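> Structure file start_22.cif, mmCIF, C-alpha atoms, is pasted below:
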```cif
data_protein
loop_
_atom_site.group_PDB
_atom_site.id
_atom_site.type_symbol
_atom_site.label_atom_id
_atom_site.label_comp_id
_atom_site.auth_asym_id
_atom_site.auth_seq_id
_atom_site.Cartn_x
_atom_site.Cartn_y
_atom_site.Cartn_z
ATOM 1 C CA VAL A 1 -10.234 -7.793 8.213
ATOM 2 C CA GLN A 2 -6.838 -9.314 9.002
ATOM 3 C CA LEU A 3 -3.893 -8.425 6.779
ATOM 4 C CA GLN A 4 -0.589 -10.211 6.294
ATOM 5 C CA ALA A 5 2.178 -8.400 4.414
ATOM 6 C CA SER A 6 5.171 -10.093 2.840
ATOM 7 C CA GLY A 7 7.813 -9.670 0.169
ATOM 8 C CA GLY A 8 10.241 -7.268 1.766
ATOM 9 C CA GLY A 9 13.973 -7.726 1.575
ATOM 10 C CA THR A 10 17.252 -6.138 0.599
ATOM 11 C CA VAL A 11 17.859 -5.014 -2.952
ATOM 12 C CA GLN A 12 20.405 -2.847 -4.717
ATOM 13 C CA ALA A 13 19.460 0.565 -6.026
ATOM 14 C CA GLY A 14 17.745 0.263 -9.382
ATOM 15 C CA GLY A 15 16.300 -3.120 -8.526
ATOM 16 C CA SER A 16 12.717 -4.256 -8.011
ATOM 17 C CA LEU A 17 10.605 -5.854 -5.309
ATOM 18 C CA ARG A 18 6.987 -6.917 -5.170
ATOM 19 C CA LEU A 19 5.181 -6.658 -1.863
ATOM 20 C CA SER A 20 2.088 -8.742 -1.208
ATOM 21 C CA CYS A 21 -0.696 -8.394 1.325
ATOM 22 C CA ALA A 22 -3.186 -11.192 1.901
ATOM 23 C CA ALA A 23 -6.529 -10.505 3.522
ATOM 24 C CA SER A 24 -8.819 -12.719 5.566
ATOM 25 C CA GLY A 25 -12.211 -11.982 7.027
ATOM 26 C CA ARG A 26 -13.354 -9.717 4.233
ATOM 27 C CA THR A 27 -12.886 -9.482 0.490
ATOM 28 C CA PHE A 28 -10.718 -6.769 -1.001
ATOM 29 C CA SER A 29 -13.424 -6.031 -3.550
ATOM 30 C CA SER A 30 -15.392 -4.207 -0.834
ATOM 31 C CA LEU A 31 -12.444 -2.292 0.614
ATOM 32 C CA ALA A 32 -10.311 0.733 -0.065
ATOM 33 C CA VAL A 33 -6.682 -0.323 0.285
ATOM 34 C CA GLY A 34 -3.346 1.335 0.649
ATOM 35 C CA TRP A 35 0.376 0.898 1.143
ATOM 36 C CA PHE A 36 2.259 3.054 3.612
ATOM 37 C CA ARG A 37 5.869 3.225 4.710
ATOM 38 C CA GLN A 38 7.761 4.448 7.724
ATOM 39 C CA ALA A 39 11.462 5.147 7.668
ATOM 40 C CA PRO A 40 13.494 5.410 10.906
ATOM 41 C CA GLY A 41 12.794 8.694 12.651
ATOM 42 C CA LYS A 42 10.054 9.639 10.226
ATOM 43 C CA GLU A 43 6.282 9.564 10.260
ATOM 44 C CA ARG A 44 4.262 6.942 8.427
ATOM 45 C CA GLU A 45 3.448 8.177 4.940
ATOM 46 C CA LEU A 46 1.168 7.139 2.125
ATOM 47 C CA VAL A 47 2.824 5.332 -0.770
ATOM 48 C CA ALA A 48 -0.262 4.449 -2.802
ATOM 49 C CA SER A 49 -3.967 3.825 -2.344
ATOM 50 C CA ILE A 50 -6.952 2.481 -4.248
ATOM 51 C CA SER A 51 -10.549 3.595 -3.756
ATOM 52 C CA ARG A 52 -13.255 1.168 -2.625
ATOM 53 C CA SER A 53 -14.603 1.181 -6.178
ATOM 54 C CA HIS A 54 -11.120 0.059 -7.279
ATOM 55 C CA ILE A 55 -11.353 2.687 -10.023
ATOM 56 C CA ASN A 56 -9.122 5.437 -8.636
ATOM 57 C CA THR A 57 -5.540 5.242 -7.483
ATOM 58 C CA ARG A 58 -3.304 7.739 -5.711
ATOM 59 C CA TYR A 59 0.491 7.750 -5.493
ATOM 60 C CA ALA A 60 2.987 9.751 -3.510
ATOM 61 C CA SER A 61 4.828 12.074 -5.844
ATOM 62 C CA ASP A 62 8.207 10.455 -5.205
ATOM 63 C CA VAL A 63 7.005 6.972 -6.253
ATOM 64 C CA GLN A 64 4.783 7.982 -9.167
ATOM 65 C CA GLY A 65 5.916 6.131 -12.272
ATOM 66 C CA ARG A 66 8.066 3.676 -10.296
ATOM 67 C CA PHE A 67 5.537 1.901 -8.051
ATOM 68 C CA THR A 68 2.238 0.250 -8.978
ATOM 69 C CA ILE A 69 -0.508 -0.729 -6.560
ATOM 70 C CA SER A 70 -2.926 -3.480 -7.576
ATOM 71 C CA THR A 71 -5.418 -5.961 -6.206
ATOM 72 C CA ASP A 72 -6.397 -9.501 -7.134
ATOM 73 C CA ASN A 73 -9.904 -10.221 -5.913
ATOM 74 C CA ALA A 74 -9.644 -13.918 -6.797
ATOM 75 C CA LYS A 75 -6.669 -14.261 -4.446
ATOM 76 C CA ASN A 76 -7.998 -11.644 -2.012
ATOM 77 C CA SER A 77 -4.634 -9.986 -2.126
ATOM 78 C CA MET A 78 -3.093 -6.631 -2.899
ATOM 79 C CA TYR A 79 0.355 -5.867 -4.254
ATOM 80 C CA LEU A 80 2.900 -3.116 -4.551
ATOM 81 C CA GLN A 81 5.273 -3.512 -7.471
ATOM 82 C CA MET A 82 8.326 -1.374 -6.813
ATOM 83 C CA ASN A 83 10.743 -0.676 -9.651
ATOM 84 C CA SER A 84 13.811 1.536 -9.946
ATOM 85 C CA LEU A 85 14.242 1.427 -6.202
ATOM 86 C CA LYS A 86 16.295 4.116 -4.489
ATOM 87 C CA PRO A 87 18.036 4.126 -1.103
ATOM 88 C CA GLU A 88 15.444 6.649 0.098
ATOM 89 C CA ASP A 89 12.752 3.991 -0.416
ATOM 90 C CA THR A 90 14.215 2.118 2.548
ATOM 91 C CA ALA A 91 11.477 1.737 5.161
ATOM 92 C CA VAL A 92 9.036 -0.633 6.771
ATOM 93 C CA TYR A 93 6.063 -0.988 4.453
ATOM 94 C CA TYR A 94 2.547 -1.550 5.737
ATOM 95 C CA CYS A 95 -0.645 -2.542 3.960
ATOM 96 C CA ALA A 96 -3.965 -1.166 5.123
ATOM 97 C CA ALA A 97 -7.630 -1.599 4.290
ATOM 98 C CA ASP A 98 -11.014 -0.206 5.247
ATOM 99 C CA PRO A 99 -14.537 -0.201 3.763
ATOM 100 C CA LEU A 100 -14.708 3.576 4.297
ATOM 101 C CA TRP A 101 -18.476 3.523 4.728
ATOM 102 C CA GLY A 102 -19.722 7.089 4.680
ATOM 103 C CA ARG A 103 -17.267 8.023 1.958
ATOM 104 C CA HIS A 104 -17.949 8.000 -1.748
ATOM 105 C CA SER A 105 -16.780 4.734 -3.310
ATOM 106 C CA ASP A 106 -14.367 6.641 -5.556
ATOM 107 C CA TYR A 107 -12.719 8.422 -2.614
ATOM 108 C CA THR A 108 -8.993 7.688 -2.603
ATOM 109 C CA PRO A 109 -7.402 8.183 0.814
ATOM 110 C CA ARG A 110 -4.495 10.594 1.178
ATOM 111 C CA GLY A 111 -3.360 9.481 4.604
ATOM 112 C CA ALA A 112 -3.441 6.801 7.263
ATOM 113 C CA SER A 113 -6.328 7.974 9.411
ATOM 114 C CA PRO A 114 -9.202 6.472 7.351
ATOM 115 C CA PHE A 115 -7.721 2.973 7.570
ATOM 116 C CA ARG A 116 -8.617 0.776 10.552
ATOM 117 C CA SER A 117 -7.046 -2.529 9.492
ATOM 118 C CA TRP A 118 -3.272 -2.815 9.200
ATOM 119 C CA GLY A 119 -0.777 -5.499 8.321
ATOM 120 C CA GLN A 120 2.289 -6.110 10.452
ATOM 121 C CA GLY A 121 4.809 -4.443 8.158
ATOM 122 C CA THR A 122 7.533 -5.796 5.916
ATOM 123 C CA GLU A 123 10.989 -4.262 5.783
ATOM 124 C CA VAL A 124 12.535 -3.000 2.553
ATOM 125 C CA THR A 125 16.193 -2.031 2.399
ATOM 126 C CA VAL A 126 17.689 -0.502 -0.722
ATOM 127 C CA SER A 127 21.465 -0.376 -0.794
ATOM 128 C CA SER A 128 23.424 2.122 -2.850
#
```
Taking this structure as input, can you express it in the form of structure tokens?

Amino acid sequence: VQLQASGGGTVQAGGSLRLSCAASGRTFSSLAVGWFRQAPGKERELVASISRSHINTRYASDVQGRFTISTDNAKNSMYLQMNSLKPEDTAVYYCAADPLWGRHSDYTPRGASPFRSWGQGTEVTVSS
């Protein structure tokens, strides 16, 4: 599956952004999906993920309650709605997807290793 992320930009602290990720080659309905971010000098970290069943979600503790991950099967797209943004949310954000065959359909990934398809990244800058 090929992924194309978009929607990044510069926003003031307290503002909102919505990231989008369009897929081609496979439908999101058969994939576990996730958003990750990597700040300068730091490792890539999970922001949020959805299980292949699209029933379970997982959020990093520092975005819980502020960010929402979602999918739209009709548009074959996934989204990350980011509210109450903070300067520490500044990073390059990546979308990822994988069918995770061999895993239970309700398995919600905690990290990057299960994902084999990645978008190119979209940069988010939050100014104070």
> Take the PyMOL selection byres ((chain A and resi 27) around 9), run it mentally on this structure, and tell me the resulting residues as a ChimeraX atom specification.
/A:1,23-26,28-31,73,76-77
> Quick one: of A:Asp98, A:Glu123, A:Asp62, A:Asp106, who's nearest to Leu3 in chain A, counting only C-alpha atoms?
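Looking at the shortest contact to Leu3 in chain A, the residue is A:Asp98.
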> Apply the PyMOL selection byres ((chain A and resi 7) around 7) to the file shown and report the selected residues as a list in words.
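Those residues are Ser6, Gly8, Gly9, Arg18, Leu19, Ser20 and Thr122 of chain A.
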> Just how far from CA of Phe36 in chain A is CA of Gln120 in chain A, in Å to one decimal?
11.4 Å
> Could you please determine the separation between CA of His104 in chain A and CA of Ser117 in chain A in Å, to one decimal place?
18.9 Å
> With the file shown as input, list the residues that the PyMOL selection byres ((chain A and resi 59) around 9) selects, as a ChimeraX atom specification.
/A:46-49,57-58,60-65,67-69,110
> May I ask which of the residues A:Pro40, A:Gly119, A:Pro114, A:Pro109 is the closest one to Ala91 in chain A, counting only C-alpha atoms?
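Going through A:Pro40, A:Gly119, A:Pro114, A:Pro109 one by one, the smallest distance to Ala91 in chain A is for A:Pro40.
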> Got a sec: who's within 8 Å of Leu100 in chain A, counting only C-alpha atoms, leaving out chain neighbours fewer than 3 positions off, as number ranges by chain?
A: 31-32, 52, 103, 105, 114-115
> Centre and edge lengths of an axis-aligned box around all listed atoms of range 65-75 of chain A, with 5 Å added on each side, are to be given in Å to one decimal, as JSON.

```
{"center_x": -0.9, "center_y": -4.1, "center_z": -8.4, "size_x": 28.0, "size_y": 30.4, "size_z": 17.8}
```
> Considering all atoms listed in the file, state which residue in the set A:Ser70, A:Ser127, A:Ser16, A:Asn83 is at the smallest distance from Ser51 in chain A.
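Ranked by minimum distance to Ser51 in chain A, first place goes to A:Ser70.
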> Would you compute the distance between CA of Met78 in chain A and CA of Ala22 in chain A? Give it in Å to one decimal.
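Calculated distance between CA of Met78 in chain A and CA of Ala22 in chain A is 6.6 Å.
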> Return the single residue from A:Glu88, A:His54, A:Asp72, A:Gly14 that is closest to Ala39 in chain A, with distances computed using only C-alpha atoms.
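Looking at the shortest contact to Ala39 in chain A, the residue is A:Glu88.
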> Using only C-alpha atoms, pick whichever of A:Arg44, A:Arg37, A:Lys75, A:Lys86 has the shortest atom-to-atom distance to Ala13 in chain A.
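Ranked by minimum distance to Ala13 in chain A, first place goes to A:Lys86.
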> Using only C-alpha atoms, find the one residue out of A:Val126, A:Thr10, A:Gly15, A:Trp35 that sits nearest to Thr90 in chain A.
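Of A:Val126, A:Thr10, A:Gly15, A:Trp35, the one nearest Thr90 in chain A, counting only C-alpha atoms, is A:Val126.
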